[in-house]
$ cat query_13.txt   # compact mmCIF, C-alpha atoms
# COMPACT_ATOMS: atom_id res chain seq x y z
CA MET A 1 6.41 -39.30 50.11
CA SER A 2 3.99 -37.97 52.73
CA GLY A 3 0.24 -37.53 52.16
CA GLY A 4 0.54 -33.78 52.60
CA ARG A 5 3.12 -33.44 49.85
CA ARG A 6 1.05 -35.67 47.56
CA SER A 7 -2.03 -33.46 48.12
CA ALA A 8 0.05 -30.36 47.46
CA ALA A 9 1.37 -31.93 44.23
CA TRP A 10 -2.17 -32.65 43.02
CA LEU A 11 -3.22 -29.11 43.87
CA VAL A 12 -0.34 -27.75 41.80
CA VAL A 13 -1.36 -29.99 38.88
CA LEU A 14 -4.95 -28.69 39.15
CA SER A 15 -3.65 -25.15 39.41
CA CYS A 16 -1.63 -25.69 36.21
CA VAL A 17 -4.72 -27.01 34.40
CA ALA A 18 -6.80 -24.03 35.59
CA PHE A 19 -4.01 -21.64 34.54
CA GLY A 20 -3.73 -23.27 31.10
CA LEU A 21 -7.51 -22.89 30.61
CA ALA A 22 -7.41 -19.29 31.82
CA LEU A 23 -4.82 -18.42 29.19
CA VAL A 24 -7.20 -19.37 26.37
CA LEU A 25 -10.73 -18.85 27.66
CA PRO A 26 -12.25 -15.34 27.58
CA LEU A 27 -11.69 -13.32 30.75
CA PHE A 28 -14.67 -11.01 30.46
CA ALA A 29 -17.28 -9.74 28.01
CA ILE A 30 -18.11 -6.07 27.52
CA HIS A 31 -21.69 -5.24 26.55
CA PRO A 32 -21.73 -1.74 25.01
CA ALA A 33 -24.76 0.48 25.54
CA ALA A 34 -25.84 3.99 24.54
CA GLY A 35 -28.26 4.85 27.32
CA LYS A 36 -31.86 5.36 26.23
CA TRP A 37 -30.79 5.21 22.56
CA THR A 38 -29.54 1.65 22.93
CA PRO A 39 -32.50 -0.08 21.16
CA LEU A 40 -32.31 2.31 18.18
CA ALA A 41 -28.53 2.13 18.00
CA LYS A 42 -28.65 -1.67 18.17
CA LEU A 43 -31.16 -1.67 15.34
CA LEU A 44 -29.01 0.58 13.17
CA SER A 45 -25.70 -1.07 13.88
CA PRO A 46 -26.00 -4.40 15.66
CA GLU A 47 -22.34 -5.13 15.00
CA THR A 48 -21.16 -2.13 17.03
CA PHE A 49 -23.24 -3.25 19.97
CA GLN A 50 -22.15 -6.86 19.93
CA ALA A 51 -20.62 -8.08 23.15
CA THR A 52 -16.83 -8.16 22.92
CA THR A 53 -14.94 -10.88 24.73
CA VAL A 54 -11.36 -10.34 25.85
CA THR A 55 -8.76 -13.07 26.23
CA LEU A 56 -5.36 -12.63 27.80
CA PRO A 57 -3.26 -13.34 24.66
CA GLY A 58 -5.69 -11.27 22.54
CA GLY A 59 -5.44 -8.30 24.90
CA MET A 60 -1.67 -8.56 25.04
CA VAL A 61 -1.33 -8.71 21.24
CA GLU A 62 -3.67 -5.73 20.83
CA LEU A 63 -1.65 -3.67 23.33
CA TRP A 64 1.64 -4.74 21.75
CA GLN A 65 0.47 -3.69 18.30
CA GLY A 66 -0.56 -0.25 19.55
CA SER A 67 1.71 2.66 18.58
CA ASN A 68 1.56 4.16 22.07
CA PRO A 69 4.67 3.27 24.18
CA ILE A 70 2.43 3.08 27.26
CA ASP A 71 0.42 0.32 25.57
CA ILE A 72 3.59 -1.61 24.79
CA GLY A 73 4.75 -1.16 28.39
CA LEU A 74 1.37 -2.40 29.61
CA ALA A 75 1.65 -5.43 27.34
CA ILE A 76 5.04 -6.25 28.87
CA VAL A 77 3.74 -5.82 32.44
CA LEU A 78 0.68 -7.91 31.62
CA GLY A 79 2.84 -10.62 30.05
CA LEU A 80 5.16 -10.67 33.06
CA CYS A 81 2.45 -10.64 35.73
CA SER A 82 0.02 -13.01 34.10
CA LEU A 83 2.23 -15.32 32.10
CA VAL A 84 5.89 -15.44 33.13
CA LEU A 85 5.67 -14.93 36.90
CA PRO A 86 2.78 -17.37 37.51
CA MET A 87 4.67 -20.00 35.48
CA ILE A 88 7.80 -19.44 37.57
CA LYS A 89 5.69 -19.53 40.72
CA LEU A 90 4.11 -22.88 39.80
CA ALA A 91 7.47 -24.31 38.71
CA VAL A 92 9.16 -23.31 41.99
CA LEU A 93 6.22 -24.63 43.99
CA TRP A 94 6.42 -27.95 42.19
CA TRP A 95 10.14 -28.12 42.86
CA GLU A 96 9.59 -27.25 46.54
CA ILE A 97 7.09 -30.10 46.95
CA TRP A 98 9.38 -32.73 45.45
CA GLU A 99 12.65 -31.46 46.85
CA VAL A 100 13.35 -32.85 50.32
CA VAL A 101 16.20 -30.41 50.92
CA PRO A 102 14.71 -27.10 52.10
CA MET A 103 14.88 -24.08 49.83
CA SER A 104 17.83 -21.75 50.11
CA ASP A 105 17.18 -18.28 51.55
CA ARG A 106 17.93 -16.70 48.21
CA MET A 107 15.41 -18.92 46.43
CA LEU A 108 12.83 -18.33 49.16
CA ARG A 109 13.18 -14.56 48.79
CA PHE A 110 12.81 -14.85 45.01
CA PHE A 111 9.74 -17.06 45.43
CA ARG A 112 8.12 -14.54 47.78
CA VAL A 113 8.69 -11.68 45.31
CA VAL A 114 7.33 -13.74 42.43
CA SER A 115 4.26 -14.79 44.42
CA ARG A 116 3.51 -11.17 45.27
CA TYR A 117 3.27 -10.07 41.62
CA ALA A 118 1.97 -13.18 39.94
CA MET A 119 -1.71 -13.26 39.02
CA ILE A 120 -2.06 -9.57 39.72
CA GLU A 121 -4.50 -9.45 36.80
CA VAL A 122 -7.30 -10.91 38.96
CA PHE A 123 -7.16 -7.63 40.85
CA LEU A 124 -6.88 -5.68 37.58
CA ILE A 125 -9.96 -7.42 36.18
CA ALA A 126 -11.98 -6.43 39.26
CA LEU A 127 -10.76 -2.84 38.82
CA LEU A 128 -11.65 -2.86 35.12
CA ALA A 129 -15.12 -4.29 35.84
CA MET A 130 -15.77 -1.46 38.30
CA TRP A 131 -14.49 1.13 35.83
CA ILE A 132 -16.61 -0.12 32.90
CA LYS A 133 -19.73 -0.36 35.04
CA SER A 134 -19.27 3.23 36.14
CA MET A 135 -19.13 4.47 32.51
CA PRO A 136 -22.14 6.44 31.24
CA GLY A 137 -24.58 4.75 28.87
CA GLY A 138 -25.16 1.63 30.92
CA ASN A 139 -22.23 -0.42 29.61
CA GLY A 140 -22.08 -3.84 31.19
CA ILE A 141 -19.35 -6.32 31.89
CA THR A 142 -19.71 -9.99 32.68
CA LEU A 143 -16.90 -12.16 33.95
CA GLN A 144 -16.23 -15.21 31.81
CA ALA A 145 -14.75 -18.64 32.41
CA GLY A 146 -11.15 -17.41 32.08
CA THR A 147 -11.41 -15.18 35.17
CA TRP A 148 -12.84 -18.02 37.26
CA CYS A 149 -10.04 -20.28 36.08
CA PHE A 150 -7.45 -17.63 37.02
CA THR A 151 -9.02 -17.26 40.46
CA ALA A 152 -9.12 -21.04 40.92
CA SER A 153 -5.47 -21.30 39.88
CA VAL A 154 -4.45 -18.60 42.38
CA LEU A 155 -6.40 -20.21 45.24
CA LEU A 156 -5.15 -23.73 44.47
CA SER A 157 -1.54 -22.60 44.30
CA LEU A 158 -1.97 -20.68 47.60
CA ILE A 159 -3.33 -23.79 49.35
CA ALA A 160 -0.57 -25.95 47.81
CA SER A 161 2.02 -23.45 48.98
CA ARG A 162 0.68 -23.49 52.57
CA ILE A 163 0.67 -27.30 52.63
CA ALA A 164 4.20 -27.45 51.21
CA GLN A 165 5.44 -24.93 53.78
CA ALA A 166 3.82 -26.89 56.62
CA GLU A 167 5.39 -30.11 55.34
CA ALA A 168 8.79 -28.44 55.06
CA ALA A 169 8.48 -27.11 58.62
CA SER A 170 7.55 -30.54 60.02
CA ASP A 171 10.49 -32.09 58.10
CA THR A 172 12.83 -29.52 59.64
CA ASN A 173 11.44 -30.22 63.14
CA LEU A 174 11.88 -33.97 62.66
CA SER A 175 15.45 -33.68 61.42
CA SER A 176 16.51 -31.28 64.22
CA PRO A 177 17.89 -33.01 67.40
CA MET B 1 22.74 -34.49 38.60
CA ASN B 2 23.76 -30.83 38.56
CA PRO B 3 21.41 -28.98 41.01
CA LYS B 4 20.54 -26.43 38.32
CA MET B 5 19.66 -29.18 35.84
CA SER B 6 17.69 -30.96 38.55
CA PHE B 7 15.68 -27.81 39.22
CA LEU B 8 14.99 -27.27 35.52
CA ALA B 9 13.92 -30.89 35.03
CA LYS B 10 11.54 -30.73 37.99
CA ALA B 11 10.25 -27.28 37.13
CA ALA B 12 9.57 -28.19 33.52
CA LEU B 13 6.47 -30.25 34.31
CA PRO B 14 4.14 -27.37 35.34
CA VAL B 15 5.27 -25.35 32.32
CA VAL B 16 4.64 -28.31 29.98
CA LEU B 17 1.28 -29.00 31.62
CA VAL B 18 0.12 -25.38 31.32
CA GLY B 19 1.24 -25.28 27.68
CA ALA B 20 -0.49 -28.59 26.84
CA VAL B 21 -3.79 -27.50 28.43
CA ALA B 22 -3.68 -24.09 26.72
CA VAL B 23 -2.88 -25.53 23.27
CA GLY B 24 -5.46 -28.33 23.66
CA THR B 25 -8.21 -25.91 24.72
CA TRP B 26 -7.34 -23.48 21.97
CA SER B 27 -7.47 -26.13 19.23
CA TRP B 28 -10.73 -27.53 20.61
CA LYS B 29 -12.23 -24.05 20.81
CA SER B 30 -11.26 -23.06 17.28
CA GLY B 31 -12.48 -26.37 15.85
CA SER B 32 -15.83 -26.38 17.61
CA MET B 33 -17.08 -22.99 16.38
CA PRO B 34 -20.61 -23.60 15.06
CA GLY B 35 -21.22 -22.95 11.38
CA LEU B 36 -24.22 -21.42 9.64
CA VAL B 37 -27.59 -23.14 9.84
CA ASP B 38 -28.83 -24.66 6.59
CA GLY B 39 -31.79 -22.79 5.07
CA ARG B 40 -31.44 -19.71 7.27
CA THR B 41 -31.03 -16.20 5.87
CA TYR B 42 -27.91 -14.32 6.93
CA GLU B 43 -26.58 -10.82 6.48
CA ILE B 44 -23.07 -10.21 5.24
CA TRP B 45 -20.98 -7.07 4.98
CA LEU B 46 -17.36 -6.32 4.34
CA ARG B 47 -15.40 -4.93 7.24
CA GLU B 48 -11.87 -4.52 6.00
CA ALA B 49 -9.70 -5.14 2.96
CA GLU B 50 -6.00 -4.65 2.46
CA VAL B 51 -4.19 -4.61 -0.85
CA ALA B 52 -0.51 -4.64 -1.81
CA PRO B 53 1.20 -1.25 -2.37
CA THR B 54 1.22 -1.80 -6.16
CA ASP B 55 -1.27 -3.25 -8.62
CA ARG B 56 -0.98 -6.48 -10.64
CA ASP B 57 1.45 -4.91 -13.12
CA GLY B 58 3.66 -3.55 -10.36
CA ASN B 59 2.49 0.03 -10.98
CA ALA B 60 1.13 2.53 -8.47
CA TRP B 61 -2.63 2.21 -8.05
CA ASP B 62 -3.28 5.79 -9.14
CA PRO B 63 -1.10 7.89 -11.49
CA ASP B 64 -0.86 10.71 -8.94
CA GLY B 65 0.75 8.32 -6.46
CA SER B 66 -2.22 8.20 -4.13
CA GLY B 67 -3.50 4.92 -2.74
CA PRO B 68 -6.32 2.94 -4.28
CA ASP B 69 -9.97 3.88 -3.79
CA LEU B 70 -11.23 0.50 -2.74
CA THR B 71 -14.73 -0.82 -3.12
CA GLY B 72 -15.95 -4.34 -2.44
CA ILE B 73 -18.62 -6.45 -4.07
CA VAL B 74 -20.29 -9.59 -2.78
CA SER B 75 -22.25 -11.79 -5.15
CA TRP B 76 -24.43 -14.80 -4.52
CA GLN B 77 -25.91 -17.04 -7.21
CA GLY B 78 -24.30 -14.86 -9.88
CA GLN B 79 -25.96 -11.67 -8.66
CA ARG B 80 -24.57 -8.76 -6.71
CA ILE B 81 -25.98 -8.68 -3.23
CA LEU B 82 -23.72 -5.97 -1.81
CA GLU B 83 -21.62 -3.15 -3.14
CA THR B 84 -19.76 -1.12 -0.55
CA THR B 85 -19.07 2.59 -0.59
CA VAL B 86 -15.70 3.72 -1.97
CA ALA B 87 -13.03 4.00 0.70
CA SER B 88 -10.68 6.65 -0.63
CA GLY B 89 -6.92 6.72 -0.86
CA GLY B 90 -5.51 3.89 1.23
CA ALA B 91 -4.20 0.37 0.94
CA ILE B 92 -6.42 -0.59 3.88
CA ALA B 93 -10.12 0.06 3.46
CA ARG B 94 -12.69 -0.19 6.19
CA TRP B 95 -16.44 -0.16 5.73
CA GLU B 96 -19.42 0.09 8.03
CA PRO B 97 -22.75 -1.68 7.52
CA LEU B 98 -24.50 1.70 7.44
CA ALA B 99 -24.83 4.11 4.54
CA VAL B 100 -27.21 7.03 4.90
CA LYS B 101 -28.57 8.43 1.63
CA PRO B 102 -30.08 11.83 2.62
CA VAL B 103 -31.61 12.45 -0.84
CA GLU B 104 -33.44 9.12 -0.81
CA ILE B 105 -34.71 9.76 2.71
CA LEU B 106 -35.84 13.27 1.72
CA MET B 107 -37.65 11.90 -1.33
CA LYS B 108 -39.42 9.20 0.61
CA GLY B 109 -39.92 11.30 3.71
CA GLU B 110 -39.11 8.41 6.04
CA ALA B 111 -36.46 5.79 6.64
CA ASP B 112 -36.35 2.54 8.53
CA ALA B 113 -33.36 0.57 9.71
CA ALA B 114 -33.40 -1.62 6.58
CA THR B 115 -33.07 1.48 4.36
CA VAL B 116 -29.86 2.66 5.94
CA ARG B 117 -28.21 -0.71 6.37
CA ARG B 118 -25.78 -1.59 3.61
CA VAL B 119 -25.62 -5.35 3.91
CA GLY B 120 -26.12 -8.28 1.57
CA ARG B 121 -28.46 -11.16 2.33
CA PHE B 122 -28.04 -14.78 1.38
CA ARG B 123 -29.54 -18.10 2.31
CA MET B 124 -27.23 -20.74 3.70
CA ALA B 125 -27.15 -23.84 1.51
CA ARG B 126 -24.73 -26.75 1.66
CA GLY B 127 -22.52 -26.68 -1.43
CA GLY B 128 -23.35 -23.02 -2.08
CA PHE B 129 -20.75 -20.29 -2.33
CA LEU B 130 -20.31 -16.54 -2.23
CA GLU B 131 -17.93 -14.51 -4.35
CA VAL B 132 -16.23 -11.48 -2.85
CA GLY B 133 -14.20 -9.08 -4.96
CA VAL B 134 -12.31 -5.87 -4.28
CA PHE B 135 -11.65 -3.19 -6.91
CA ASP B 136 -9.86 0.13 -7.21
CA ASP B 137 -12.64 2.49 -8.24
CA ASP B 138 -11.38 5.00 -10.80
CA PRO B 139 -13.53 7.65 -12.56
CA PHE B 140 -13.78 5.68 -15.81
CA ASP B 141 -13.08 2.12 -14.85
CA ARG B 142 -12.57 -0.33 -12.06
CA GLU B 143 -9.25 -2.05 -11.61
CA PHE B 144 -9.50 -5.57 -10.28
CA ALA B 145 -7.56 -6.07 -7.03
CA GLY B 146 -8.61 -9.60 -6.12
CA ALA B 147 -11.50 -11.92 -5.42
CA PHE B 148 -12.29 -15.06 -3.51
CA ARG B 149 -14.88 -17.80 -3.91
CA ILE B 150 -15.98 -18.84 -0.43
CA ALA B 151 -17.80 -22.07 0.35
CA MET B 152 -20.72 -21.29 2.65
CA GLU B 153 -19.86 -24.18 4.97
CA SER B 154 -16.59 -22.47 5.87
CA LEU B 155 -18.30 -19.27 7.09
CA ARG B 156 -18.98 -18.71 10.80
CA PRO B 157 -21.23 -16.18 12.52
CA GLY B 158 -19.10 -13.18 13.42
CA MET B 159 -15.93 -11.99 11.76
CA ASN B 160 -14.42 -14.16 9.03
CA GLY B 161 -10.90 -13.26 7.96
CA ILE B 162 -8.87 -14.34 4.93
CA ARG B 163 -5.12 -13.86 4.60
CA ASN B 164 -3.52 -14.27 1.23
CA ASP B 165 -0.19 -13.64 -0.49
CA GLY B 166 -1.84 -12.09 -3.56
CA ILE B 167 -2.58 -8.44 -4.33
CA LEU B 168 -5.66 -8.64 -2.10
CA CYS B 169 -3.77 -9.76 0.98
CA ARG B 170 -6.42 -9.38 3.68
CA LEU B 171 -10.19 -9.50 3.71
CA VAL B 172 -12.49 -9.43 6.72
CA MET B 173 -16.23 -9.91 6.40
CA VAL B 174 -18.95 -10.14 9.01
CA VAL B 175 -21.76 -12.68 8.87
CA ALA B 176 -24.74 -12.14 11.17
CA ASP B 177 -28.10 -13.68 11.76
CA PRO B 178 -30.54 -10.73 11.49
CA ASP B 179 -32.85 -12.33 14.04
CA LYS B 180 -30.04 -12.82 16.53
CA PRO B 181 -27.80 -9.79 16.07
CA HIS B 182 -25.74 -10.59 19.16
CA ALA B 183 -25.08 -14.22 18.25
CA GLY B 184 -21.61 -14.87 16.95
CA ASP B 185 -19.07 -12.37 18.12
CA GLY B 186 -16.24 -14.76 17.34
CA GLU B 187 -13.29 -14.20 15.06
CA HIS B 188 -12.64 -16.94 12.55
CA GLU B 189 -9.61 -17.21 10.30
CA MET B 190 -10.64 -18.99 7.12
CA GLY B 191 -8.41 -21.52 5.45
CA ALA B 192 -10.12 -24.41 3.70
CA GLY B 193 -13.13 -23.54 1.55
CA VAL B 194 -11.59 -20.35 0.13
CA THR B 195 -10.42 -20.19 -3.49
CA ARG B 196 -8.58 -17.22 -4.94
CA LEU B 197 -10.00 -16.02 -8.27
CA GLU B 198 -7.58 -14.66 -10.85
CA ALA B 199 -10.27 -12.73 -12.76
CA PRO B 200 -13.39 -10.94 -11.55
CA PRO B 201 -16.62 -12.94 -11.80
CA ALA B 202 -19.03 -11.73 -14.52
CA SER B 203 -21.41 -10.27 -11.95
CA MET B 204 -18.68 -7.94 -10.72
CA LEU B 205 -17.58 -6.48 -14.03
CA GLY B 206 -17.41 -2.69 -14.01
CA LYS B 207 -20.08 -0.45 -15.52
CA SER B 208 -17.90 0.63 -18.46
CA ARG B 209 -16.98 -2.97 -19.20
CA ARG B 210 -20.62 -4.01 -19.11
CA MET B 211 -21.52 -1.03 -21.36
CA ALA B 212 -18.78 -1.99 -23.81
CA ASP B 213 -20.10 -5.55 -23.91
CA ALA B 214 -23.64 -4.26 -24.47
CA LEU B 215 -22.38 -1.94 -27.24
CA ASP B 216 -20.58 -4.81 -28.97
CA GLU B 217 -23.76 -6.84 -28.85
CA ALA B 218 -25.83 -3.96 -30.23
CA VAL B 219 -23.39 -3.33 -33.11
CA GLU B 220 -23.43 -7.01 -33.99
CA ARG B 221 -27.22 -7.11 -33.95
CA ILE B 222 -27.53 -3.94 -36.07
CA SER B 223 -25.01 -5.17 -38.63
CA LYS B 224 -26.89 -8.48 -38.89
CA GLU B 225 -30.20 -6.64 -39.38
CA PHE B 226 -28.56 -4.32 -41.96
CA GLU B 227 -27.20 -7.32 -43.86
CA GLN B 228 -30.66 -8.90 -43.93
CA GLU B 229 -32.16 -5.60 -45.09
CA ILE B 230 -29.64 -5.32 -47.95
CA GLU B 231 -30.35 -8.91 -48.91
CA SER B 232 -34.09 -8.24 -49.08
CA VAL B 233 -33.52 -4.99 -51.08
CA LYS B 234 -31.30 -6.92 -53.48
CA GLU B 235 -34.00 -9.54 -53.96
CA GLU B 236 -36.56 -6.77 -54.49
CA VAL B 237 -34.35 -5.06 -57.11
CA GLU B 238 -33.71 -8.37 -58.88
CA ARG B 239 -37.42 -9.14 -58.92
CA ALA B 240 -38.22 -5.61 -60.24
CA ALA B 241 -35.50 -5.94 -62.88
CA GLY B 242 -36.97 -9.28 -63.99
CA GLU B 243 -40.42 -7.73 -64.24
CA ILE B 244 -39.11 -4.74 -66.23
CA GLU B 245 -37.26 -7.09 -68.54
CA LYS B 246 -40.41 -9.16 -69.01
CA ALA B 247 -42.46 -5.99 -69.64
CA ILE B 248 -39.98 -4.76 -72.23
CA GLU B 249 -40.09 -8.13 -73.92
CA THR B 250 -43.90 -8.15 -74.00
CA TRP B 251 -43.97 -4.57 -75.20
CA GLY B 252 -41.47 -5.46 -78.02
CA LYS B 253 -43.63 -8.35 -79.11
CA GLU B 254 -46.74 -6.16 -79.13
CA LEU B 255 -44.87 -3.59 -81.15
CA GLU B 256 -43.85 -6.18 -83.72
CA ALA B 257 -47.44 -7.39 -83.99
CA VAL B 258 -48.75 -3.92 -84.94
CA PRO B 259 -49.18 -3.85 -88.84
CA THR B 260 -47.07 -1.34 -90.60
CA GLU B 261 -48.71 1.04 -93.10
$ encode --input "query_13.txt" --output "structure tokens"
Amino acid sequence: MSGGRRSAAWLVVLSCVAFGLALVLPLFAIHPAAGKWTPLAKLLSPETFQATTVTLPGGMVELWQGSNPIDIGLAIVLGLCSLVLPMIKLAVLWWEIWEVVPMSDRMLRFFRVVSRYAMIEVFLIALLAMWIKSMPGGNGITLQAGTWCFTASVLLSLIASRIAQAEAASDTNLSSP
Amino acid sequence: MNPKMSFLAKAALPVVLVGAVAVGTWSWKSGSMPGLVDGRTYEIWLREAEVAPTDRDGNAWDPDGSGPDLTGIVSWQGQRILETTVASGGAIARWEPLAVKPVEILMKGEADAATVRRVGRFRMARGGFLEVGVFDDDPFDREFAGAFRIAMESLRPGMNGIRNDGILCRLVMVVADPDKPHAGDGEHEMGAGVTRLEAPPASMLGKSRRMADALDEAVERISKEFEQEIESVKEEVERAAGEIEKAIETWGKELEAVPTE
């Protein structure tokens, strides 16, 4: 096995570890505020003004349990984009690294589609952070370890994918007359 | 090997790895939640309680078919430290740690945060416990829904939840350090350290029940005093009768001694 493939395999393993951590660790914390009344409101009801952390499974369960069909739909989209598709993406990437025979066109197309939609929540988190920060009252949001793990997983899998593609291309060049 | 099987076998590793890391992190995270600090004072309040659709006898909570009017009590060292407001007409009650009493504020003319906060305070001690009970508050009595004895070591800062298959099937309480109101925003599901109580602790008995007990005691005391009084009157009468008898005897003798003409 070539050094490039071995590096790509290690990157996929690291990406899996980062993804596993991201599934459990909090993604972000929301710090509620009530403008100039914040100190008084915190004094009267500290519980209401406690920072709330959001994890991916927690958010999905909360959406799923909501009576609104849009919430349930969101839970499904979130589950697909942040759980199922990234798993498929990592699995296919792993297979691509170890498989000497190049991927079929059909599989390649599928992989491209999956890659496009997997880990879309990193973008959604950025959008949410902007939205919460623009709310009146001075609400704050801080990104937590889970988001950094998601980002690391995305970047590692991207690098692994590039290395694997380069290796596959060089293999094809070597085998061609 | 079948190409499909080969793909599945190769693809399984990332899935297994992700699952192992997620489960390992989750179990480490839930096990490493810090407990309460020994000797420190904490605030506690009830957040939510859920009871079964029927009471212990299988009857509707209220005769008119409406849901129970739930109220919760927390006691520490045999004394009530918190009694919630009554959450009307529902199997799921939710309480806030605030209760504004306008009359009290009007009488005093001022109010601080401590006046309007409806929380209980306790001091963390190893081996200590809290008792939490939930009742259906009726006009003349309180029907016991369920209670738990909770070891203090099992509490965590933040939300502490109990699930149970009894009549009181869900209870969520919040424990907070008053000096660090933002510390502990975790959610902790309690398992070990929680004991279900089949009867309400003495400190949680309803007003009417306590009044009945006090009345029983008073009647017993009065009857004992009355008995003693009768005994002393009886002794007095016996003594007086003895004296009268003696006087009659003396008078008879004196009469006999008088010479007849």
$ interface_residues --input "query_13.txt" --of "chain A" --to "chain B" --cutoff "7 Å" --atoms "all atoms listed in the file" --output "PDB file with C-alpha atoms, keeping the file's coordinate frame"
ATOM      1  CA  CYS A  16      -1.630 -25.690  36.210  1.00  0.00           C
ATOM      2  CA  VAL A  17      -4.720 -27.010  34.400  1.00  0.00           C
ATOM      3  CA  PHE A  19      -4.010 -21.640  34.540  1.00  0.00           C
ATOM      4  CA  GLY A  20      -3.730 -23.270  31.100  1.00  0.00           C
ATOM      5  CA  LEU A  21      -7.510 -22.890  30.610  1.00  0.00           C
ATOM      6  CA  LEU A  23      -4.820 -18.420  29.190  1.00  0.00           C
ATOM      7  CA  VAL A  24      -7.200 -19.370  26.370  1.00  0.00           C
ATOM      8  CA  LEU A  43     -31.160  -1.670  15.340  1.00  0.00           C
ATOM      9  CA  LEU A  44     -29.010   0.580  13.170  1.00  0.00           C
ATOM     10  CA  PRO A  46     -26.000  -4.400  15.660  1.00  0.00           C
ATOM     11  CA  GLN A  50     -22.150  -6.860  19.930  1.00  0.00           C
ATOM     12  CA  ALA A  51     -20.620  -8.080  23.150  1.00  0.00           C
ATOM     13  CA  THR A  52     -16.830  -8.160  22.920  1.00  0.00           C
ATOM     14  CA  MET A  87       4.670 -20.000  35.480  1.00  0.00           C
ATOM     15  CA  LEU A  90       4.110 -22.880  39.800  1.00  0.00           C
ATOM     16  CA  ALA A  91       7.470 -24.310  38.710  1.00  0.00           C
ATOM     17  CA  VAL A  92       9.160 -23.310  41.990  1.00  0.00           C
ATOM     18  CA  TRP A  94       6.420 -27.950  42.190  1.00  0.00           C
ATOM     19  CA  TRP A  95      10.140 -28.120  42.860  1.00  0.00           C
TER      20      TRP A  95
END
$ atom_distance --input "query_13.txt" --atom1 "atom CA of Trp61 of chain B" --atom2 "atom CA of Glu143 of chain B"
8.6 Å
$ closest_residue --input "query_13.txt" --among "A:Ala29, A:Ile97, A:Cys149, A:Leu85" --to "Trp10 of chain A" --atoms "all atoms listed in the file"
A:Ile97
$ atom_distance --input "query_13.txt" --atom1 "atom CA of Phe150 of chain A" --atom2 "atom CA of Ala18 of chain A"
6.6 Å
$ atom_distance --input "query_13.txt" --atom1 "atom CA of Pro157 of chain B" --atom2 "atom CA of Pro34 of chain B"
7.9 Å
$ axis_aligned_box --input "query_13.txt" --around "segment 47-66 of chain A" --padding-each-side "4 Å" --output "JSON"
{"center_x": -10.8, "center_y": -6.8, "center_z": 21.4, "size_x": 32.9, "size_y": 21.1, "size_z": 20.8}
$ residues_around --input "query_13.txt" --residues "Pro53 of chain B" --least-positions-apart "2" --cutoff "9 Å" --atoms "all atoms listed in the file" --output "list in words"
Val51, Asp55, Gly58, Asn59, Ala60, Trp61, Gly67, Pro68, Ala91 and Ile167 of chain B
$ closest_residue --input "query_13.txt" --among "A:Gln144, A:Ser157, A:Gln165, A:Thr55" --to "Val13 of chain A" --atoms "all atoms listed in the file"
A:Ser157
$ closest_residue --input "query_13.txt" --among "B:Asp137, B:Glu254, B:Glu189, B:Glu220" --to "Asn164 of chain B" --atoms "all atoms listed in the file"
B:Glu189
$ closest_residue --input "query_13.txt" --among "A:Val114, A:Ala169, A:Leu158, A:Leu74" --to "Ala8 of chain A" --atoms "only C-alpha atoms"
A:Leu158
$ decode --input "query_13.txt" --residues "segment 196-205 of chain B" --atoms "N, CA and C atoms" --output "compact mmCIF listing (two decimals), in the first residue's frame"
# COMPACT_ATOMS: atom_id res chain seq x y z
N ARG B 196 -38.43 5.42 46.14
CA ARG B 196 -39.85 5.81 46.06
C ARG B 196 -40.51 5.58 47.42
N LEU B 197 -41.26 6.56 47.89
CA LEU B 197 -41.96 6.44 49.17
C LEU B 197 -43.42 6.10 48.90
N GLU B 198 -43.92 5.14 49.66
CA GLU B 198 -45.32 4.71 49.44
C GLU B 198 -46.32 5.53 50.24
N ALA B 199 -45.81 6.30 51.20
CA ALA B 199 -46.70 7.17 52.01
C ALA B 199 -46.00 8.51 52.17
N PRO B 200 -46.78 9.57 52.34
CA PRO B 200 -46.13 10.89 52.46
C PRO B 200 -45.37 11.01 53.78
N PRO B 201 -44.20 11.62 53.78
CA PRO B 201 -43.48 11.85 55.03
C PRO B 201 -44.30 12.75 55.95
N ALA B 202 -44.06 12.65 57.25
CA ALA B 202 -44.87 13.39 58.24
C ALA B 202 -44.86 14.89 57.96
N SER B 203 -43.72 15.40 57.50
CA SER B 203 -43.62 16.85 57.28
C SER B 203 -44.50 17.32 56.12
N MET B 204 -45.01 16.38 55.35
CA MET B 204 -45.80 16.78 54.17
C MET B 204 -47.29 16.55 54.36
N LEU B 205 -47.68 16.09 55.55
CA LEU B 205 -49.09 15.80 55.74
C LEU B 205 -49.92 17.06 55.56
